[in-house]
Amino acid sequence: MTNFPHELIFLKLGGSLITEKDKPHTARCERIRALAQAVARALSECPHIRLLLGHGSGSFGHVEAAKYGTRRGVHTAEEWRGFAEVWRAAQSLNRLVMDALHDAGVPAVAFPPSAGVLASDGKIAHWDEKPLAAALNAGLVAVTYGDVAFDTSRGGTIVSTEEVFAYLAPVLKPRRILIAGEEPGVWADYPKRTRVIPLITPKDAPELNSVLGGSAATDVTGGMFSKVQAMLALVKMLPSTEVLIFGGTPAENIHAAICGASLGTKILNAMPTA
Ligand code: IPE
């Protein structure tokens with residue numbers, strides 16, 4: 001069931017790309033439409049590709065999540081109310097993404113982590129991936145997103161799209177993981193932002209701390225530094241998977257990246273041999 005004769009890709013549309021990160025609950029509807037159309041075009045031109053599409057929460061989930069401290073744990077009635085509010089915010093953005101995908105002709109089905117993930121101390125411990133794998137095998141686009149999740153020690157928590165990808169990658173073994181955001185890649189000189197790092201491998205990890213800034217707006221799941229660290233851990237575990245962190249605008253970039261273009265910053269397990 002989890003063996004793909006096709007090329008499997010995980011693609012994340014970052015919260016900063018699809019929402020106005022500083023304006024609570026404001027989606028970039030035009031942009032979501034353009035991105036959905038780019039996905040549709042790529043899949044019709046590259047029919048051998050199977051796609052797990054994830055999206056962030058941006059100014060939808062992060063605002064409530066920060067207000068109630070949901071990622072740290074959920075215990076009181078007030079915190080559980082907050083958990084439900086974060087769920088609703090994340091789900092309402094997902095609705096917009098699903099509608100845009102369907103309007104563009106993409107046969108997409110959503111797999112919300114809140115319905116299936118069990119976390120343990122903030123880390124995904126269990127998620128039955130079989131229904132999602134069946135959707136991919138059937139040629140459907142499986143969609144997931146940063147969401148609330150039940151947690152055996154914290155009560156509840158938040159899982160980011162990258163954490164969902166990191167959990168699913170060893171099972172589904174994607175060839176490429178594409179992380180599209182507002183920025184054209186990982187900046188070598190944040191916050192000056194004049195130079196994008198073309199390639200990062202695990203041996204660069206010690207220097208990254210000083211180079212990478214956090215994210216400017218409210219981001220309960222850690223900003224760029226933690227995203228790069230998570231992807232480095234992933235390529236170490238799965239050396240034949242490559243990761244791209246790149247800009248999702250213009251939407252044409254999404255089409256190009258799905259169909260194989262190298263954009264932004266590449267994260268690999270080792271330097272390619274010449
Ligand atoms: C965050 O998910 C989830 C919530 C706050 C509910 P992500 O970490 O994947 O989202 P972005 O890309 O930072 O917005």
# chains A, B, ... in the order shown; residues from 1 in each chain; ligands from 1

call {"tool": "select_by_dssp", "arguments": {"residues": "range 9-129 of chain A", "states": "helix (DSSP H, G or I)", "output": "PyMOL selection string"}}
result
chain A and resi 15-18+29-45+58-68+70-72+77-103+113-116

call {"tool": "select_by_dssp", "arguments": {"residues": "range 27-274 of chain A", "states": "strand (DSSP E or B)", "output": "mmCIF file with N, CA, C and O atoms, in the first residue's frame"}}
result
data_model
loop_
_atom_site.group_PDB
_atom_site.id
_atom_site.type_symbol
_atom_site.label_atom_id
_atom_site.label_comp_id
_atom_site.auth_asym_id
_atom_site.auth_seq_id
_atom_site.Cartn_x
_atom_site.Cartn_y
_atom_site.Cartn_z
ATOM 1 N N ALA A 27 -6.932 35.570 4.804
ATOM 2 C CA ALA A 27 -6.323 34.693 3.789
ATOM 3 C C ALA A 27 -5.971 35.518 2.560
ATOM 4 O O ALA A 27 -6.602 36.538 2.281
ATOM 5 N N ILE A 49 3.571 12.188 -11.108
ATOM 6 C CA ILE A 49 3.792 12.674 -9.747
ATOM 7 C C ILE A 49 2.582 12.404 -8.857
ATOM 8 O O ILE A 49 1.435 12.567 -9.280
ATOM 9 N N ARG A 50 2.872 11.967 -7.647
ATOM 10 C CA ARG A 50 1.846 11.842 -6.610
ATOM 11 C C ARG A 50 2.154 12.896 -5.559
ATOM 12 O O ARG A 50 3.320 13.096 -5.208
ATOM 13 N N LEU A 51 1.111 13.563 -5.070
ATOM 14 C CA LEU A 51 1.362 14.752 -4.236
ATOM 15 C C LEU A 51 0.649 14.693 -2.894
ATOM 16 O O LEU A 51 -0.568 14.507 -2.827
ATOM 17 N N LEU A 52 1.456 14.869 -1.835
ATOM 18 C CA LEU A 52 0.897 15.176 -0.514
ATOM 19 C C LEU A 52 1.105 16.665 -0.317
ATOM 20 O O LEU A 52 2.243 17.134 -0.272
ATOM 21 N N LEU A 53 0.029 17.418 -0.260
ATOM 22 C CA LEU A 53 0.137 18.865 -0.110
ATOM 23 C C LEU A 53 -0.190 19.220 1.339
ATOM 24 O O LEU A 53 -1.219 18.790 1.870
ATOM 25 N N GLY A 54 0.715 19.953 1.988
ATOM 26 C CA GLY A 54 0.453 20.423 3.350
ATOM 27 C C GLY A 54 0.408 21.936 3.322
ATOM 28 O O GLY A 54 1.007 22.560 2.449
ATOM 29 N N HIS A 55 -0.320 22.513 4.255
ATOM 30 C CA HIS A 55 -0.253 23.978 4.343
ATOM 31 C C HIS A 55 -0.202 24.430 5.791
ATOM 32 O O HIS A 55 -0.683 23.753 6.697
ATOM 33 N N ALA A 108 -8.739 16.623 -4.580
ATOM 34 C CA ALA A 108 -8.022 16.663 -3.297
ATOM 35 C C ALA A 108 -8.915 16.201 -2.152
ATOM 36 O O ALA A 108 -10.106 16.491 -2.127
ATOM 37 N N VAL A 109 -8.293 15.494 -1.196
ATOM 38 C CA VAL A 109 -9.015 15.012 -0.007
ATOM 39 C C VAL A 109 -8.181 15.388 1.212
ATOM 40 O O VAL A 109 -6.959 15.187 1.218
ATOM 41 N N ALA A 110 -8.818 15.957 2.240
ATOM 42 C CA ALA A 110 -8.066 16.440 3.408
ATOM 43 C C ALA A 110 -7.899 15.371 4.477
ATOM 44 O O ALA A 110 -8.818 14.590 4.745
ATOM 45 N N LEU A 118 -1.800 11.082 17.282
ATOM 46 C CA LEU A 118 -1.641 11.055 18.733
ATOM 47 C C LEU A 118 -0.192 11.460 18.995
ATOM 48 O O LEU A 118 0.736 10.818 18.478
ATOM 49 N N ALA A 119 -0.020 12.537 19.751
ATOM 50 C CA ALA A 119 1.327 13.007 20.052
ATOM 51 C C ALA A 119 1.706 12.584 21.469
ATOM 52 O O ALA A 119 0.853 12.233 22.284
ATOM 53 N N SER A 120 3.015 12.606 21.734
ATOM 54 C CA SER A 120 3.500 12.327 23.077
ATOM 55 C C SER A 120 4.543 13.392 23.390
ATOM 56 O O SER A 120 5.554 13.504 22.699
ATOM 57 N N LYS A 123 5.507 15.492 20.383
ATOM 58 C CA LYS A 123 6.061 14.796 19.213
ATOM 59 C C LYS A 123 5.022 13.809 18.690
ATOM 60 O O LYS A 123 4.394 13.102 19.492
ATOM 61 N N ILE A 124 4.862 13.741 17.372
ATOM 62 C CA ILE A 124 3.868 12.812 16.818
ATOM 63 C C ILE A 124 4.315 11.382 17.112
ATOM 64 O O ILE A 124 5.422 10.979 16.742
ATOM 65 N N ALA A 125 3.463 10.633 17.813
ATOM 66 C CA ALA A 125 3.821 9.263 18.179
ATOM 67 C C ALA A 125 3.090 8.262 17.313
ATOM 68 O O ALA A 125 3.583 7.157 17.081
ATOM 69 N N HIS A 126 1.913 8.625 16.839
ATOM 70 C CA HIS A 126 1.130 7.658 16.073
ATOM 71 C C HIS A 126 0.223 8.380 15.086
ATOM 72 O O HIS A 126 -0.416 9.376 15.438
ATOM 73 N N VAL A 141 -4.903 13.913 -4.639
ATOM 74 C CA VAL A 141 -3.970 14.754 -3.896
ATOM 75 C C VAL A 141 -4.414 14.721 -2.433
ATOM 76 O O VAL A 141 -5.550 15.074 -2.109
ATOM 77 N N ALA A 142 -3.526 14.222 -1.564
ATOM 78 C CA ALA A 142 -3.829 14.184 -0.132
ATOM 79 C C ALA A 142 -3.388 15.526 0.454
ATOM 80 O O ALA A 142 -2.307 16.024 0.139
ATOM 81 N N VAL A 143 -4.236 16.112 1.286
ATOM 82 C CA VAL A 143 -3.927 17.435 1.852
ATOM 83 C C VAL A 143 -3.908 17.326 3.371
ATOM 84 O O VAL A 143 -4.817 16.759 3.975
ATOM 85 N N THR A 144 -2.855 17.866 3.981
ATOM 86 C CA THR A 144 -2.809 17.937 5.428
ATOM 87 C C THR A 144 -2.380 19.341 5.836
ATOM 88 O O THR A 144 -2.102 20.181 4.971
ATOM 89 N N TYR A 145 -2.316 19.619 7.131
ATOM 90 C CA TYR A 145 -1.970 20.990 7.540
ATOM 91 C C TYR A 145 -1.556 21.040 9.007
ATOM 92 O O TYR A 145 -1.809 20.102 9.767
ATOM 93 N N ASP A 147 -1.947 21.749 12.680
ATOM 94 C CA ASP A 147 -3.248 21.571 13.332
ATOM 95 C C ASP A 147 -3.039 21.311 14.824
ATOM 96 O O ASP A 147 -1.908 21.062 15.271
ATOM 97 N N VAL A 148 -4.112 21.298 15.576
ATOM 98 C CA VAL A 148 -4.044 20.808 16.954
ATOM 99 C C VAL A 148 -3.966 19.284 16.922
ATOM 100 O O VAL A 148 -4.366 18.662 15.939
ATOM 101 N N ALA A 149 -3.443 18.719 18.002
ATOM 102 C CA ALA A 149 -3.399 17.252 18.094
ATOM 103 C C ALA A 149 -3.533 16.864 19.557
ATOM 104 O O ALA A 149 -3.099 17.605 20.460
ATOM 105 N N PHE A 150 -4.133 15.714 19.806
ATOM 106 C CA PHE A 150 -4.202 15.192 21.173
ATOM 107 C C PHE A 150 -2.844 14.610 21.542
ATOM 108 O O PHE A 150 -2.123 14.102 20.684
ATOM 109 N N ASP A 151 -2.505 14.751 22.829
ATOM 110 C CA ASP A 151 -1.152 14.418 23.272
ATOM 111 C C ASP A 151 -1.240 13.651 24.594
ATOM 112 O O ASP A 151 -1.893 14.120 25.540
ATOM 113 N N GLY A 155 -1.853 16.584 27.090
ATOM 114 C CA GLY A 155 -3.298 16.778 26.867
ATOM 115 C C GLY A 155 -3.547 17.091 25.402
ATOM 116 O O GLY A 155 -4.063 16.292 24.638
ATOM 117 N N GLY A 156 -3.114 18.274 25.014
ATOM 118 C CA GLY A 156 -3.195 18.661 23.607
ATOM 119 C C GLY A 156 -1.951 19.440 23.243
ATOM 120 O O GLY A 156 -1.212 19.912 24.113
ATOM 121 N N THR A 157 -1.708 19.579 21.964
ATOM 122 C CA THR A 157 -0.562 20.363 21.486
ATOM 123 C C THR A 157 -0.869 20.838 20.068
ATOM 124 O O THR A 157 -1.999 20.736 19.595
ATOM 125 N N ILE A 158 0.164 21.374 19.410
ATOM 126 C CA ILE A 158 0.062 21.789 18.009
ATOM 127 C C ILE A 158 1.115 21.003 17.239
ATOM 128 O O ILE A 158 2.248 20.880 17.707
ATOM 129 N N VAL A 159 0.771 20.520 16.080
ATOM 130 C CA VAL A 159 1.796 19.934 15.205
ATOM 131 C C VAL A 159 1.891 20.775 13.935
ATOM 132 O O VAL A 159 0.881 21.185 13.375
ATOM 133 N N ARG A 176 11.054 14.019 -3.082
ATOM 134 C CA ARG A 176 11.372 15.420 -2.819
ATOM 135 C C ARG A 176 10.359 16.017 -1.835
ATOM 136 O O ARG A 176 9.186 15.657 -1.866
ATOM 137 N N ILE A 177 10.858 16.941 -1.013
ATOM 138 C CA ILE A 177 9.986 17.690 -0.110
ATOM 139 C C ILE A 177 10.173 19.167 -0.450
ATOM 140 O O ILE A 177 11.296 19.690 -0.391
ATOM 141 N N LEU A 178 9.107 19.812 -0.848
ATOM 142 C CA LEU A 178 9.174 21.203 -1.316
ATOM 143 C C LEU A 178 8.485 22.098 -0.297
ATOM 144 O O LEU A 178 7.297 21.910 -0.009
ATOM 145 N N ILE A 179 9.239 23.042 0.262
ATOM 146 C CA ILE A 179 8.674 23.914 1.293
ATOM 147 C C ILE A 179 8.613 25.327 0.708
ATOM 148 O O ILE A 179 9.643 26.005 0.575
ATOM 149 N N ALA A 180 7.423 25.772 0.365
ATOM 150 C CA ALA A 180 7.276 27.090 -0.274
ATOM 151 C C ALA A 180 6.792 28.123 0.742
ATOM 152 O O ALA A 180 5.825 27.895 1.460
ATOM 153 N N GLY A 181 7.508 29.248 0.788
ATOM 154 C CA GLY A 181 7.134 30.306 1.726
ATOM 155 C C GLY A 181 7.182 31.667 1.049
ATOM 156 O O GLY A 181 7.223 31.776 -0.187
ATOM 157 N N TRP A 187 17.926 32.648 4.062
ATOM 158 C CA TRP A 187 18.856 33.775 3.942
ATOM 159 C C TRP A 187 20.179 33.476 4.630
ATOM 160 O O TRP A 187 20.206 32.960 5.743
ATOM 161 N N VAL A 196 20.746 34.285 -0.610
ATOM 162 C CA VAL A 196 20.112 33.018 -0.243
ATOM 163 C C VAL A 196 21.174 31.921 -0.245
ATOM 164 O O VAL A 196 22.031 31.880 -1.136
ATOM 165 N N LEU A 199 22.796 25.746 -0.794
ATOM 166 C CA LEU A 199 22.817 24.340 -0.379
ATOM 167 C C LEU A 199 23.167 24.229 1.099
ATOM 168 O O LEU A 199 24.104 24.870 1.573
ATOM 169 N N ILE A 200 22.402 23.419 1.813
ATOM 170 C CA ILE A 200 22.717 23.147 3.220
ATOM 171 C C ILE A 200 22.788 21.629 3.391
ATOM 172 O O ILE A 200 21.918 20.903 2.912
ATOM 173 N N GLU A 242 15.426 14.730 -1.195
ATOM 174 C CA GLU A 242 15.961 16.095 -1.172
ATOM 175 C C GLU A 242 14.867 17.086 -0.835
ATOM 176 O O GLU A 242 13.694 16.874 -1.140
ATOM 177 N N VAL A 243 15.288 18.161 -0.169
ATOM 178 C CA VAL A 243 14.347 19.167 0.311
ATOM 179 C C VAL A 243 14.671 20.485 -0.368
ATOM 180 O O VAL A 243 15.848 20.836 -0.521
ATOM 181 N N LEU A 244 13.648 21.207 -0.775
ATOM 182 C CA LEU A 244 13.847 22.578 -1.271
ATOM 183 C C LEU A 244 13.067 23.529 -0.391
ATOM 184 O O LEU A 244 11.902 23.268 -0.079
ATOM 185 N N ILE A 245 13.700 24.635 0.002
ATOM 186 C CA ILE A 245 12.982 25.719 0.678
ATOM 187 C C ILE A 245 13.046 26.894 -0.287
ATOM 188 O O ILE A 245 14.147 27.352 -0.654
ATOM 189 N N PHE A 246 11.910 27.366 -0.742
ATOM 190 C CA PHE A 246 11.931 28.354 -1.833
ATOM 191 C C PHE A 246 10.720 29.264 -1.746
ATOM 192 O O PHE A 246 9.805 29.054 -0.936
ATOM 193 N N GLY A 247 10.711 30.291 -2.602
ATOM 194 C CA GLY A 247 9.618 31.260 -2.597
ATOM 195 C C GLY A 247 8.438 30.755 -3.419
ATOM 196 O O GLY A 247 8.608 30.326 -4.564
ATOM 197 N N THR A 265 16.780 27.254 -1.668
ATOM 198 C CA THR A 265 17.809 26.532 -0.910
ATOM 199 C C THR A 265 17.524 25.034 -0.953
ATOM 200 O O THR A 265 16.417 24.612 -0.643
ATOM 201 N N LYS A 266 18.555 24.278 -1.312
ATOM 202 C CA LYS A 266 18.393 22.824 -1.326
ATOM 203 C C LYS A 266 19.015 22.255 -0.052
ATOM 204 O O LYS A 266 20.084 22.690 0.379
ATOM 205 N N ILE A 267 18.317 21.295 0.562
ATOM 206 C CA ILE A 267 18.869 20.613 1.746
ATOM 207 C C ILE A 267 19.065 19.146 1.372
ATOM 208 O O ILE A 267 18.121 18.455 0.996
#

call {"tool": "closest_residue", "arguments": {"among": "A:Thr201, A:Thr152, A:Ser16, A:Ser262", "to": "Val228 in chain A", "atoms": "only C-alpha atoms"}}
result
A:Thr201

call {"tool": "residues_near_ligand", "arguments": {"ligand": "ligand 1", "cutoff": "7 Å", "atoms": "only C-alpha atoms and all ligand atoms", "output": "short mmCIF file (atom, residue, chain, number, x, y, z; two decimals) with C-alpha atoms, in the first residue's frame"}}
result
data_model
loop_
_atom_site.label_atom_id
_atom_site.label_comp_id
_atom_site.auth_asym_id
_atom_site.auth_seq_id
_atom_site.Cartn_x
_atom_site.Cartn_y
_atom_site.Cartn_z
CA GLY A 14 3.66 28.09 4.20
CA GLY A 15 1.27 30.06 6.35
CA SER A 16 3.14 33.25 5.44
CA HIS A 55 -0.25 23.98 4.34
CA GLY A 56 0.56 26.16 7.28
CA SER A 57 -1.84 28.14 9.42
CA GLY A 58 -0.33 31.64 9.29
CA GLY A 61 -4.11 29.11 13.85
CA HIS A 62 -1.03 30.89 15.22
CA ALA A 65 -2.45 29.10 19.57
CA VAL A 86 -7.28 26.80 17.15
CA TRP A 87 -8.86 23.73 15.50
CA ALA A 90 -6.86 25.93 11.14
CA TYR A 145 -1.97 20.99 7.54
CA GLY A 146 -0.58 22.38 10.77
CA ASP A 147 -3.25 21.57 13.33
CA VAL A 148 -4.04 20.81 16.95
CA ILE A 158 0.06 21.79 18.01
CA VAL A 159 1.80 19.93 15.21
CA SER A 160 3.33 21.84 12.31
CA THR A 161 3.17 20.74 8.69
CA GLU A 162 6.93 20.02 8.79
CA ASP A 219 4.91 31.63 14.99
CA VAL A 220 4.32 29.09 17.73
CA THR A 221 6.04 26.35 15.77
CA GLY A 223 10.22 29.92 12.48
#

call {"tool": "closest_residue", "arguments": {"among": "A:Thr273, A:Ser92, A:Gln229, A:Thr249", "to": "Leu13 in chain A", "atoms": "only C-alpha atoms"}}
result
A:Thr249

call {"tool": "atom_distance", "arguments": {"atom1": "CA of Leu17 in chain A", "atom2": "CA of Glu182 in chain A"}}
result
5.0 Å

call {"tool": "atom_distance", "arguments": {"atom1": "CA of Pro206 in chain A", "atom2": "CA of Pro191 in chain A"}}
result
19.3 Å
